[in-house]
Amino acid sequence: MAHQWVAPGRRFVIGVPFVWLIVFFLLPFVILLYISFVDMGNDISPFKPIWDSNTGLLKLKYENYWSIFRTGDGGALFQTIYIEAYVRSIWYALCTALLCLVIGYPFSYFIARAKPGVRPALLMMVMLPFWTSFLLRVYAWKGILADQGVLNQIFMGLGLINEPLQMLYTDVSMLVGMTYVYLPFMVLPLYANLVKLDPRLLEAAYDLGASPLGAFWLVTVPLSKAGIIAGFMLVFIPSVGEFVIPSLLGGPENIMIGRVVWDEMFSSNNWPRATALAVLMIGLIVVPLAIYYHYTGERE
Amino acid sequence: MAEVDSKKNYLVTEKLVKRFDEAVAVDEVDLSINKGEIFALLGSSGCGKSTLLRMLAGFETPTSGRILLSGQDVAKLAPYERPFNMMFQSYALFPHLDIWENVAFGLKREGLPKSDIKQRVGEMLDLVQLGAYAKRKPHQLSGGQQQRVALARSLAKRPKVLLLDEPLGALDKKLREQTQFELVNIIEKVGVTCVMVTHDQEEAMTMAGRVAVMSKGRVLQVGSPQEVYEYPVNRFVADFIGSVNLFDGTLSLDEPDHCAAQTAIGEMHLGHSLSGTLGMPVVVAVRPEKVSISKLPPTNVSHNLFSGRVKEIAYFGSYNTYIVVTPQGVRVKITEPNGSHLDLLDITWEDDVHFWWDDTDAVLLRN
C-alpha cells in the first residue's frame, strides 16, 4: 500500500472542496461563534472585542445564550419567545417534512416505475418550478389562497361556502407554501433510491404470499429507508430556518426562529444575541444530522 | 385410480398463449407435467421459456389458454394466491432481512404460529446446510450459499410446484456442476414437482427427468434427455441439443426397416424407416462422437464410409475434436475420446483420413 500509485494533482482535486468549506463555512461559523460571546456594541460597530480593552483579559459573555432560555427579569426557565420560536420552527419543519414525504413518496414511486424513456421528462417536471423565481412562486400562492383568491372563488362558485375561507396568513397557507417549495428535495433522493429497487424483490414477495400492500410495507419501504431519511433531512433542515415563506404566507402570531434572528439583528441591532440564536439553531440541526450519519454509517 | 395415473397430468397448460402487443412470446403451448418430476423448459434466449414460467408463477397473465393444477384452473389467481413458489435467477433475496427472516418470509405471510415457523425455518436451513448462517445478511454469503438460501426460501411454504428460473445461471462453471447434483438431491428429497427454465442444455440434461425444447414460443419436442438427444424430431432440436453434423439430401431409398438419403458427399444409410416419398428433401443428423476416424480404411464397413482431409484439431483434454473437409467441401465434425485407439496419435493437420458410422447412429429428419 505504501507504494500505491497516486494520480498527480490528486491532492489539489481533494483540496479544492476543503478550502471552499473552510473559507465559506468554517470561517464564517467561527466569526458567528465569536460574536455570540461578546457584548453588544453601538450602531457603528455592532459588537465589542472579546477581550477587555483595559485589562486585555478574555471575557466571554455567556449571557447571550443564557437569555435565550430565561428572560432578564428572572421568569421561568424555557418560557421565552426564543424557545417558543424554536419549538414552533421545529414543529412546522417536521410537519413540512412529513407532508412532503406523504405527497412525495407516491410521486417518486410513480416516476421510478414509469417507462425509462418517460422518466427524464417526469423528473424535469419536478424540477421545472426551480426555473421560476422562488419569490414569485410564493407570491403566486398568495393569489391562490387569498380571501378573494382563486380557491375561495371556486369554492364559492360551487356553492360549498358562502363566506370566503381565511386561508392566507394561517398555518395552512404557511405549510402549503413550505411543502410546495420543498417537495422536489424529497422527490429527488426518494426517486434516486426507488429507481434502484429491483422489481424482482417485489415479485419474490408476491410469490411468497405477500399482498401488494404487504409487499410495499415489508419490502419497498424498508429498502427505501435511506431515501426517506435523506429526503426528510433535506426538507427538514432548511425548513427549520425558513424565513421568507413564513413571512409571506404565515400568520403574524406564528413567529419562526428565522424571523426572530432577523428581528434581533436588524430591529434590535443585538448582533451577539442574533448570532447566539443562530449558533444554537445550527446545533439543533447538527444533532439530528449526526444521528442520521451515525445510523447510515453503521450499515456499511 | 391407480397411483401412476394420479401422478400424470398434475400441472397442465392448455393452448397457452402470451402476446406482448403484436409479438407472440408463447404460442399455444400444451404441456403436461407429472407430479414429482423435474421438468425443464429448454431454449435459447427469447424463445418464450421465461414468459411461460412467469405465467405459471402468476407474474404474467396469459392472453388465452388455461393452466390447470390437479384439474383446477389457476391462471386467474394472483401470484400470492398460488401454491407455486419460485427460485429467481438472481435469487432476489431480501437484502434488508437476514437469512432466517428471508426463509421465514413466506411462512409469516401464511400466519402460521411462531413455534411452527421456527421449526420449519430450522428444517429448511438444515436441509440446505446453512443453519450456522441464520443471522447473516444475504450479501455476506457466497453465490452458492445465496442460491441455497433462495432454494430454502422457495421450499419453505411446501409449494405444490417449485419453479426454477435459470437455477445455476449465476454460478461459475465449477460450482455449477457441483450444485447441479446437490439441487436435484434436495428437490428429490422433498419430492416437489419442479419446472425449471434453462438455456444450458447440459444443465437440462443432467437435472431434468423430461425436457421440453422450445423455439419461437412453441414447444418442438418433449421427452427424456436421452430421447431428445438420440431422436430429435427436427433439425432445430438436433442442432440445439449438443453438437451435430447435418447433411442435406433427398430420400433415395425407403424400406420398412431401413432407408437411405443421397447427400452431397454420397449416399447415407440409416437403420430406421421414414414414411415419405422418394426424392423428398431430408436431413441426416450424425453426432460427432458417433463418427469413427482413421488414416487406414476400415476393413468391414460397407456404407456410410467417407474420406476427407483434416483441417483442424482441438484438444479438450478428455477428448479431441477433428474438423474434416471432404473433397466436396463439406465440413464434418468428429470427436474421439482421448486415447481410444493408437492410430489417432498419428492423425495431424492435412492428413487424409477415412470416417464412418453405423446405420443406427444417424437419424433422418424431415427438412
# chains A, B, ... in the order shown; residues from 1 in each chain; ligands from 1
call {"tool": "interface_residues", "arguments": {"of": "chain A", "to": "chain B", "cutoff": "10 Å", "atoms": "only C-alpha atoms", "output": "MDAnalysis selection string"}}
result
chainID A and resid 198:212 214 218:219 222:223
call {"tool": "write_last_selection", "arguments": {"atoms": "C-alpha atoms", "output": "mmCIF file, in the first residue's frame"}}
result
data_model
loop_
_atom_site.group_PDB
_atom_site.id
_atom_site.type_symbol
_atom_site.label_atom_id
_atom_site.label_comp_id
_atom_site.auth_asym_id
_atom_site.auth_seq_id
_atom_site.Cartn_x
_atom_site.Cartn_y
_atom_site.Cartn_z
ATOM 1 C CA ASP A 198 -35.100 -4.482 -8.002
ATOM 2 C CA PRO A 199 -38.672 -5.245 -9.140
ATOM 3 C CA ARG A 200 -37.888 -8.932 -8.741
ATOM 4 C CA LEU A 201 -37.783 -8.410 -4.969
ATOM 5 C CA LEU A 202 -41.425 -7.383 -5.137
ATOM 6 C CA GLU A 203 -42.194 -10.376 -7.319
ATOM 7 C CA ALA A 204 -40.437 -12.578 -4.784
ATOM 8 C CA ALA A 205 -42.597 -11.073 -2.037
ATOM 9 C CA TYR A 206 -45.795 -11.703 -4.037
ATOM 10 C CA ASP A 207 -44.599 -15.184 -4.848
ATOM 11 C CA LEU A 208 -44.160 -15.894 -1.137
ATOM 12 C CA GLY A 209 -47.707 -14.804 -0.377
ATOM 13 C CA ALA A 210 -47.449 -11.086 0.329
ATOM 14 C CA SER A 211 -50.321 -8.940 -0.944
ATOM 15 C CA PRO A 212 -49.363 -5.808 -2.914
ATOM 16 C CA GLY A 214 -47.852 -6.213 2.296
ATOM 17 C CA LEU A 218 -42.273 -5.245 4.014
ATOM 18 C CA VAL A 219 -40.000 -4.708 1.033
ATOM 19 C CA PRO A 222 -37.597 -0.807 4.364
ATOM 20 C CA LEU A 223 -35.430 -0.774 1.257
#
call {"tool": "residues_around", "arguments": {"residues": "Phe306 (chain B)", "least_positions_apart": "6", "cutoff": "9 Å", "atoms": "only C-alpha atoms", "output": "PyMOL selection string"}}
result
chain B and resi 265-266+326+353-356
call {"tool": "closest_residue", "arguments": {"among": "B:Ile187, B:Ile241, B:Val161, B:Val301", "to": "Ala212 (chain B)", "atoms": "only C-alpha atoms"}}
result
B:Ile241
call {"tool": "atom_distance", "arguments": {"atom1": "CA of Leu123 (chain A)", "atom2": "CA of Pro189 (chain A)"}}
result
11.5 Å
call {"tool": "atom_distance", "arguments": {"atom1": "CA of Ala208 (chain B)", "atom2": "CA of Leu56 (chain B)"}}
result
17.9 Å
call {"tool": "decode", "arguments": {"residues": "region 43-59 of chain A", "atoms": "N, CA and C atoms", "output": "PDB file, in the first residue's frame"}}
result
ATOM      1  N   ASP A  43     -24.321  51.474  17.020  1.00  0.00           N
ATOM      2  CA  ASP A  43     -24.746  51.450  15.623  1.00  0.00           C
ATOM      3  C   ASP A  43     -23.574  51.327  14.655  1.00  0.00           C
ATOM      4  N   ILE A  44     -22.439  51.895  15.031  1.00  0.00           N
ATOM      5  CA  ILE A  44     -21.297  51.898  14.110  1.00  0.00           C
ATOM      6  C   ILE A  44     -20.545  50.572  14.166  1.00  0.00           C
ATOM      7  N   SER A  45     -20.187  50.119  15.345  1.00  0.00           N
ATOM      8  CA  SER A  45     -19.589  48.788  15.446  1.00  0.00           C
ATOM      9  C   SER A  45     -20.509  47.957  16.342  1.00  0.00           C
ATOM     10  N   PRO A  46     -21.266  47.040  15.722  1.00  0.00           N
ATOM     11  CA  PRO A  46     -22.372  46.390  16.436  1.00  0.00           C
ATOM     12  C   PRO A  46     -21.920  45.455  17.556  1.00  0.00           C
ATOM     13  N   PHE A  47     -20.640  45.119  17.640  1.00  0.00           N
ATOM     14  CA  PHE A  47     -20.223  44.268  18.751  1.00  0.00           C
ATOM     15  C   PHE A  47     -18.838  44.691  19.212  1.00  0.00           C
ATOM     16  N   LYS A  48     -18.552  44.368  20.513  1.00  0.00           N
ATOM     17  CA  LYS A  48     -17.280  44.767  21.107  1.00  0.00           C
ATOM     18  C   LYS A  48     -16.275  43.635  20.975  1.00  0.00           C
ATOM     19  N   PRO A  49     -14.990  43.940  21.109  1.00  0.00           N
ATOM     20  CA  PRO A  49     -13.995  42.858  21.067  1.00  0.00           C
ATOM     21  C   PRO A  49     -14.151  41.925  22.259  1.00  0.00           C
ATOM     22  N   ILE A  50     -13.605  40.720  22.096  1.00  0.00           N
ATOM     23  CA  ILE A  50     -13.837  39.684  23.103  1.00  0.00           C
ATOM     24  C   ILE A  50     -12.946  39.873  24.330  1.00  0.00           C
ATOM     25  N   TRP A  51     -11.863  40.593  24.160  1.00  0.00           N
ATOM     26  CA  TRP A  51     -11.009  40.831  25.338  1.00  0.00           C
ATOM     27  C   TRP A  51     -11.270  42.236  25.871  1.00  0.00           C
ATOM     28  N   ASP A  52     -11.092  42.379  27.165  1.00  0.00           N
ATOM     29  CA  ASP A  52     -11.298  43.656  27.834  1.00  0.00           C
ATOM     30  C   ASP A  52     -10.222  44.635  27.373  1.00  0.00           C
ATOM     31  N   SER A  53     -10.624  45.832  26.889  1.00  0.00           N
ATOM     32  CA  SER A  53      -9.650  46.771  26.335  1.00  0.00           C
ATOM     33  C   SER A  53      -8.692  47.296  27.415  1.00  0.00           C
ATOM     34  N   ASN A  54      -9.140  47.305  28.678  1.00  0.00           N
ATOM     35  CA  ASN A  54      -8.278  47.811  29.752  1.00  0.00           C
ATOM     36  C   ASN A  54      -7.310  46.745  30.265  1.00  0.00           C
ATOM     37  N   THR A  55      -7.872  45.562  30.621  1.00  0.00           N
ATOM     38  CA  THR A  55      -7.021  44.542  31.238  1.00  0.00           C
ATOM     39  C   THR A  55      -6.411  43.604  30.205  1.00  0.00           C
ATOM     40  N   GLY A  56      -7.010  43.540  29.011  1.00  0.00           N
ATOM     41  CA  GLY A  56      -6.509  42.629  27.986  1.00  0.00           C
ATOM     42  C   GLY A  56      -6.893  41.179  28.249  1.00  0.00           C
ATOM     43  N   LEU A  57      -7.815  40.938  29.191  1.00  0.00           N
ATOM     44  CA  LEU A  57      -8.220  39.576  29.523  1.00  0.00           C
ATOM     45  C   LEU A  57      -9.391  39.130  28.640  1.00  0.00           C
ATOM     46  N   LEU A  58      -9.474  37.819  28.427  1.00  0.00           N
ATOM     47  CA  LEU A  58     -10.574  37.239  27.650  1.00  0.00           C
ATOM     48  C   LEU A  58     -11.847  37.330  28.484  1.00  0.00           C
ATOM     49  N   LYS A  59     -12.926  37.772  27.821  1.00  0.00           N
ATOM     50  CA  LYS A  59     -14.155  37.971  28.583  1.00  0.00           C
ATOM     51  C   LYS A  59     -15.313  37.406  27.762  1.00  0.00           C
TER      52      LYS A  59
END
